[in-house]
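The next block holds one structure in the form of structure tokens; read it before the comments.
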Amino acid sequence: MAALGIAMGGGNWFSALALGVTLLKCLLIPTYHSTDFEVHRNWLAITHSLPVSQWYYEATSEWTLDYPPFFAWFEYALSHVAKYFDQEMLNLHNLNYSSSRTLLFQRFSVIFTDALFVYAVHECCKCIDGKKAGKELTEKPKFILSVLLLWNFGLLIVDHIHFQYNGFLFGLMLLSIARLFQKRHMEGAFLFAVLLHFKHIYLYVAPAYGVYLLRSYCFTANKPDGSIRWNSFSFVRVISLGLIVFLVSALSLGPFLALNQLPQVLSRLFPFKRGLCHAYWAPNFWALYNALDKVLSIIGLELKLLDPNKIPKASMTSGLVQQFQHTVLPSVTPLATLICTLIAMLPSIFCLWFKPQGPRGFLRCLILCALSSFLFGWHVHEKAILLAVLPMSLLSVGKAGDASIFLILTTTGHYSLFPLLFTAPELPTKILLMLLFTTYSISSLKTLFRKEKPLFNWLETFYLLGLGPLEVFCEFVFPFTSWKLKYPFIPLLLTSVYCAAGITYAWFKLYVSVLSDPPSSKTKKQ
Amino acid sequence: MFGDYEAQRHWQEITFNLPIKQWYFNSSDNNLQYWGLDYPPLTAYHSLLCAYVAKFINPDWIALHTSRGYESQAHKLFMRTTVLIADLLIYIPAVVLYCCCLKEISTKKKVANALCILLYPGLILIDYGHFQYNSVSLGFALWGVLGVSCDWDLLGSLAFCLAINYKQMELYHSLPFFCFLLGKCFKKGLKGKGFVLLIKLACTVVASFILCWLPFCTEREQTLQVLRRLFPVDRGLFEDKVANIWCSFSIFLKIKEILPHHFQIIISFCFTFLSLLPACVKLTLQPSSKGFRFTLVSCALSFFLFSFQVHEKSILLVSLPVCLVLSEIPFMSTWFLLVSTFSMLPLLLKDELLMPLVVTTIAFFIACATSFSIFEKTSEEELQLKSFSLSVRKYLPCFTFLSRIIQYLFLISVITMVLLTLITVTLDPPQKLPDLFSVLVCFVSCLHFLFFLVYFNIIIMWDSKSGRNQKKIN
């Protein structure tokens, strides 16, 4: 009896946190799921019923396979377990099939694959420095980081309610970051290459990896003032890195190259027919741009500066995913967004090259790349904010400045995910979970950095507090007003614009902190 | 399937659309056979309040006659929110305040205690899964316990009267309140302060009852009809499967059919009072806060096991006092709370709450096990059985294995409960005995409850011998 007691009460807080969040995920099984559920069921059917040569041509359902081959193989492996739950879900023609067993299988597969995420968090905890910790368990940076990652609100609602498989993908990314922190560069590169072939959205942060590995791994030593020592270039390392990337890509795309299907695969992976913005505008720069355009066009109409007949009919907020024109400001093309993204990323990459600060500098560059691409990318989905939020958690327990940026980014980013869960039963769940997470993150980080200056200035506090009234207005007041019929898109518009302001501010602040950091600080491992 | 959810919605419809005089009477507008009101007036007033809010949001929800069986996502959200609000306003503050008032415990343990009480699966599943408002009546009862333990007797009795007037099942707790307060009056001396206190308490109780029943006091027929709805003595000794003595006994002997009706009432009356008499007498003679809480447990348990027309949800009335003694005997309390949740298994399976049941039970068990280190606290002294086993050892010197026996019993009990749950979920019962699994669950739970009845009575009766020498704990 006593042995059991010791095993349970032991001090293994990490397992307790992981188990607790797994139990919570089990409770979320019967909640609302989006069309992504049907997407993945369809992919299970495609990979199970058809030969490989047909995977990227199949189009019975509108949800065609648009992830790289490794993910397709992953679905293929899952489908072999799925057949023991419900054979019918693997039928290509069973569109929108969602029996209770299918639901159970799919939800459990997400919960199960999250094990990789848990392992990655465990590895990340090893990389952070706990010297300034207090005696209390709950004040240790490792504990706070574990809670911020394992119980991350955004990941919970996107993966376990909305339904996606981001858990294990972020696990791969965090694991590769942890390996880079632990100076196991080859493993880190390998893991990232694998990740790219699971979901190509991670291409956004590939520049950070590329530049960091080239600068800090291929050049084995620096001059005393920190600048590059050209004769320390190691061909062996470059070749081995190149070999790893080449082999992984060969494994992934090789079969399709052999079948001459590469153009088709690429066209599926990069669909540019979709519009600048998603049906609900992701809170990025283009949301602000669109809002400005709309405001200007309304003002223009009022002041009779614009001819009403020349204005195109398709409104950007009517939820159609198609291409359209702006009325006042110049239209935006995919090429323009690409150039803007690259320009936005450039300063951070230059910083990484000219002022390398070890893994911590790499992490900041990665976050900046992710944020820049979120802000300026083409057809960005609001879920992409997680790409910046999760790595930022690692920085937040290190410095007070980073903690403050993290809190603004996270709170605003998580709030911008609210429109994903628009059903009535999910309303109390999302509000309660969001309040819990936000309260915990703010109070724990404030306690951790209580000896330094306060985390927020008055403007930031005001902005964050403003999220409360915004939510009350959008969800509780607006549905009862008369504007609901005339302008149904106002809550989405307000949410998008308000959050875009916050995210842009966080991006700007992070850039300032990166660019103004003293060069070549001899911080060994942090 | 229409159940308690539809009943609550129907009560909102009735109380909003009909005048007070017709609430408890059968009429063309109010068909008592279709979920008629069978709780005291305070429930009716609460339904009326909810109905006003419902009218503001969507009048279709409570339209007379036409809203029967109404179910929509927005309506479900509204109803569940009313339960949450009632919880937040009444039950949760009571629990938090109770844990704050616990003495000789560190702040961390107080927080852990509050968390464990709030995580109790039974109340969460019944209130939010099955749909009821137990948190209101249990919350008021808890305020009553708090008031009476902290010597705010009048406020405590007022709160408890509100609890009784919300759900008549709270009468299970009434005897310990009565005995404790009477004992306090005796202690203060019946000639002086005690008598004054007694009069004040009596006035408080009468006043609160009159206040709640005011609309129904005007005519004798009104009062009688309400009482008839509250205490349906025409229904039998028990209904459906419940983990009490009569239901378990009827496996072997069909008492319901053998004994005449009034005899059943008399027998259950006698057994109930015989089993709770010793504890209540002791409480009157030696009133103490600790004794009060333990007597609450044993009284409620006696009522549950032997009383008339008991529902399986009434186990919650026993679980609340057990939650209050969680910090004193964590091992046995956790065990009891697990069994009480298990005893409601057939009901929860009918509501398709298997996953929440498993998840909340695991979470509760792990929270208790880590907060109180229950597996290290199984010695005799921790189980409060030291004085008892000392007395027994006077006659039986070899009686030293008590804690070992209890540990083995716990292991066997958990294994049995897990096995029974697995069997009920996976297998189909044999055709000749379609209720086999629910009967098994009830029988096993009943055996557990009998064991706990004996245990809690032992603690109460053997308490004072070393109690006078020790400092008063609470």
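Residues are named by chain letter and number: chains run A, B, ... in the order of the structure tokens, numbers start at 1 in each chain, and ligands are numbered from 1 in the order shown.
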
- Residue contacts of region 183-198 of chain B (10 Å, only C-alpha atoms) excluding same-chain residues fewer than 3 positions away, as JSON, numbers by chain: {"B": [151, 153, 154, 177, 178, 179, 180, 201, 202, 203, 204, 280, 281, 282, 283, 284, 285, 286, 287, 288]}

Would you put the residues from that selection into a file with N, CA, C and O atoms, as a tab-separated table (two decimals), in the first residue's frame?
```tsv
chain	number	residue	atom	x	y	z
B	151	ASP	N	-20.92	28.79	15.56
B	151	ASP	CA	-21.74	29.41	16.60
B	151	ASP	C	-22.61	30.55	16.10
B	151	ASP	O	-22.98	31.42	16.89
B	153	ASP	N	-25.78	30.30	15.25
B	153	ASP	CA	-26.84	29.29	15.18
B	153	ASP	C	-28.05	29.75	14.40
B	153	ASP	O	-28.66	28.97	13.66
B	154	LEU	N	-28.42	31.02	14.57
B	154	LEU	CA	-29.65	31.46	13.90
B	154	LEU	C	-29.48	31.46	12.39
B	154	LEU	O	-30.34	30.97	11.66
B	177	PHE	N	-29.05	18.23	12.91
B	177	PHE	CA	-29.15	19.66	13.22
B	177	PHE	C	-29.94	19.87	14.51
B	177	PHE	O	-29.54	20.60	15.41
B	178	PHE	N	-31.08	19.19	14.60
B	178	PHE	CA	-31.96	19.33	15.75
B	178	PHE	C	-31.24	18.91	17.02
B	178	PHE	O	-31.23	19.64	18.02
B	179	CYS	N	-30.59	17.72	16.97
B	179	CYS	CA	-29.93	17.22	18.18
B	179	CYS	C	-28.77	18.10	18.59
B	179	CYS	O	-28.55	18.35	19.78
B	180	PHE	N	-28.01	18.58	17.58
B	180	PHE	CA	-26.84	19.40	17.90
B	180	PHE	C	-27.28	20.71	18.56
B	180	PHE	O	-26.73	21.13	19.60
B	201	LEU	N	-34.31	29.95	18.19
B	201	LEU	CA	-34.20	29.00	17.08
B	201	LEU	C	-35.58	28.60	16.58
B	201	LEU	O	-35.83	28.56	15.36
B	202	ALA	N	-36.47	28.31	17.54
B	202	ALA	CA	-37.81	27.90	17.13
B	202	ALA	C	-38.47	28.98	16.29
B	202	ALA	O	-39.09	28.71	15.26
B	203	CYS	N	-38.30	30.23	16.74
B	203	CYS	CA	-38.92	31.33	15.99
B	203	CYS	C	-38.31	31.45	14.59
B	203	CYS	O	-39.04	31.65	13.62
B	204	THR	N	-36.97	31.31	14.51
B	204	THR	CA	-36.32	31.39	13.19
B	204	THR	C	-36.89	30.34	12.26
B	204	THR	O	-37.24	30.62	11.11
B	280	CYS	N	-27.53	10.05	17.49
B	280	CYS	CA	-28.25	11.30	17.78
B	280	CYS	C	-28.29	11.57	19.27
B	280	CYS	O	-28.12	12.72	19.71
B	281	VAL	N	-28.50	10.50	20.06
B	281	VAL	CA	-28.53	10.69	21.51
B	281	VAL	C	-27.19	11.21	21.98
B	281	VAL	O	-27.08	12.15	22.78
B	282	LYS	N	-26.11	10.59	21.47
B	282	LYS	CA	-24.77	11.01	21.87
B	282	LYS	C	-24.54	12.47	21.50
B	282	LYS	O	-23.91	13.22	22.25
B	283	LEU	N	-25.04	12.86	20.34
B	283	LEU	CA	-24.81	14.24	19.90
B	283	LEU	C	-25.55	15.23	20.79
B	283	LEU	O	-25.05	16.30	21.11
B	284	THR	N	-26.76	14.83	21.24
B	284	THR	CA	-27.51	15.74	22.12
B	284	THR	C	-26.80	15.90	23.45
B	284	THR	O	-26.73	16.99	24.01
B	285	LEU	N	-26.25	14.76	23.95
B	285	LEU	CA	-25.62	14.84	25.27
B	285	LEU	C	-24.25	15.48	25.22
B	285	LEU	O	-23.83	16.15	26.17
B	286	GLN	N	-23.51	15.26	24.11
B	286	GLN	CA	-22.16	15.82	24.00
B	286	GLN	C	-22.02	16.53	22.66
B	286	GLN	O	-21.39	16.00	21.74
B	287	PRO	N	-22.59	17.71	22.53
B	287	PRO	CA	-22.51	18.37	21.22
B	287	PRO	C	-21.10	18.86	20.92
B	287	PRO	O	-20.51	19.58	21.71
B	288	SER	N	-20.58	18.44	19.80
B	288	SER	CA	-19.29	18.95	19.35
B	288	SER	C	-19.36	19.05	17.84
B	288	SER	O	-20.14	18.34	17.20
```

- Task: Could you pull out the residues in region 174-252 of chain B that DSSP calls alpha helix (DSSP H) from the backbone, as a PyMOL selection string?
- Result: chain B and resi 174-188+193-213+220-230+245-252

- Query: chain B residues within 8 Å of chain A, counting only C-alpha atoms: which ones, as a list in words?
  - Reply: Gln73, Ala74, Lys76, Leu77, Met355, Pro356, Val359, Ala363, Ile366, Ala369, Thr370, Ser371, Ser373, Ile374, Phe375, Glu376 and Gln407 of chain B

- Query: Quick one: of B:His448, B:Lys313, B:Arg229, B:Arg9, who's nearest to Phe25 (chain B), counting only C-alpha atoms?
  - Reply: B:Arg229

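Every protein, DNA or RNA residue with an atom at most 10 Å from Pro518 (chain A), where only C-alpha atoms count and chain neighbours fewer than 5 positions away do not, is listed here: Lys355, Gln357 and Ser513 of chain A.
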
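Within the 9 Å cut-off around Tyr440 (chain A), using only C-alpha atoms and omitting residues fewer than 4 positions from it on the same chain, the listed residues are Val147, Leu148, Leu435, Leu436, Ser444 and Leu445 of chain A.
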
Based on the selection just made, write N, CA and C atoms of those residues as a short mmCIF file (atom, residue, chain, number, x, y, z; two decimals), in the first residue's frame.
```
data_model
loop_
_atom_site.label_atom_id
_atom_site.label_comp_id
_atom_site.auth_asym_id
_atom_site.auth_seq_id
_atom_site.Cartn_x
_atom_site.Cartn_y
_atom_site.Cartn_z
N VAL A 147 3.29 23.68 -18.03
CA VAL A 147 1.86 24.00 -18.06
C VAL A 147 1.53 24.83 -19.30
N LEU A 148 2.39 25.83 -19.61
CA LEU A 148 2.09 26.69 -20.75
C LEU A 148 2.06 25.91 -22.06
N LEU A 435 -10.12 31.76 -19.89
CA LEU A 435 -9.88 32.50 -18.65
C LEU A 435 -8.87 31.77 -17.77
N LEU A 436 -9.04 30.44 -17.66
CA LEU A 436 -8.12 29.66 -16.84
C LEU A 436 -6.69 29.83 -17.33
N SER A 444 1.45 33.37 -13.15
CA SER A 444 2.69 32.63 -12.91
C SER A 444 3.89 33.39 -13.42
N LEU A 445 3.77 34.03 -14.58
CA LEU A 445 4.92 34.77 -15.11
C LEU A 445 5.18 36.02 -14.28
#
```

Considering only C-alpha atoms, return as a compact mmCIF listing (two decimals) with N, CA, C and O atoms, in the first residue's frame whatever protein or nucleic-acid residues lie within 10 Å of Thr341 (chain A), sequence-local ones (same chain, fewer than 3 positions apart) excluded.
```
# COMPACT_ATOMS: atom_id res chain seq x y z
N TYR A 204 7.63 28.24 -43.62
CA TYR A 204 7.75 29.62 -43.19
C TYR A 204 8.95 29.83 -42.28
O TYR A 204 9.55 30.90 -42.27
N LEU A 335 2.34 37.41 -55.32
CA LEU A 335 3.75 37.80 -55.39
C LEU A 335 4.04 38.94 -54.43
O LEU A 335 5.06 38.96 -53.74
N ALA A 336 3.10 39.89 -54.36
CA ALA A 336 3.30 41.02 -53.46
C ALA A 336 3.41 40.56 -52.01
O ALA A 336 4.26 41.04 -51.25
N THR A 337 2.55 39.59 -51.62
CA THR A 337 2.61 39.12 -50.24
C THR A 337 3.93 38.41 -49.98
O THR A 337 4.52 38.54 -48.91
N LEU A 338 4.40 37.65 -50.97
CA LEU A 338 5.66 36.94 -50.80
C LEU A 338 6.81 37.93 -50.57
O LEU A 338 7.63 37.76 -49.67
N ALA A 344 9.96 41.43 -44.51
CA ALA A 344 9.73 41.44 -43.06
C ALA A 344 10.67 40.49 -42.34
O ALA A 344 11.10 40.76 -41.23
N MET A 345 10.98 39.37 -42.99
CA MET A 345 11.84 38.39 -42.31
C MET A 345 13.30 38.81 -42.35
O MET A 345 14.10 38.40 -41.51
N LEU A 346 13.68 39.62 -43.37
CA LEU A 346 15.10 39.86 -43.64
C LEU A 346 15.90 40.39 -42.45
O LEU A 346 16.96 39.85 -42.14
N CYS A 369 10.30 34.88 -37.89
CA CYS A 369 9.92 34.39 -39.23
C CYS A 369 8.47 33.93 -39.24
O CYS A 369 7.69 34.26 -40.14
N ALA A 370 8.09 33.17 -38.19
CA ALA A 370 6.72 32.68 -38.14
C ALA A 370 5.74 33.84 -38.07
O ALA A 370 4.72 33.87 -38.77
N LEU A 371 6.05 34.84 -37.23
CA LEU A 371 5.15 35.98 -37.10
C LEU A 371 5.08 36.80 -38.37
O LEU A 371 4.01 37.25 -38.78
N SER A 372 6.25 37.01 -39.01
CA SER A 372 6.25 37.81 -40.24
C SER A 372 5.41 37.13 -41.30
O SER A 372 4.64 37.78 -42.01
N SER A 373 5.55 35.81 -41.42
CA SER A 373 4.78 35.13 -42.46
C SER A 373 3.31 35.11 -42.10
O SER A 373 2.45 35.15 -42.97
N PHE A 374 2.99 35.09 -40.79
CA PHE A 374 1.59 35.16 -40.39
C PHE A 374 1.02 36.52 -40.78
O PHE A 374 -0.10 36.63 -41.28
N LEU A 375 1.84 37.57 -40.55
CA LEU A 375 1.33 38.91 -40.79
C LEU A 375 1.18 39.24 -42.26
O LEU A 375 0.27 39.96 -42.66
N PHE A 376 2.09 38.72 -43.09
CA PHE A 376 2.09 39.18 -44.48
C PHE A 376 1.80 38.08 -45.48
O PHE A 376 1.85 38.32 -46.68
N GLY A 377 1.47 36.88 -45.03
CA GLY A 377 1.35 35.77 -45.97
C GLY A 377 0.05 35.80 -46.77
O GLY A 377 -0.88 36.57 -46.49
N TRP A 378 -0.01 34.90 -47.75
CA TRP A 378 -1.19 34.76 -48.61
C TRP A 378 -2.11 33.70 -48.03
O TRP A 378 -1.68 32.62 -47.71
```

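Distances here use only C-alpha atoms; by that measure, the residue among B:Ser250, B:Asn134, B:Gln225, B:Asn165 closest to Trp213 (chain B) is B:Asn165.
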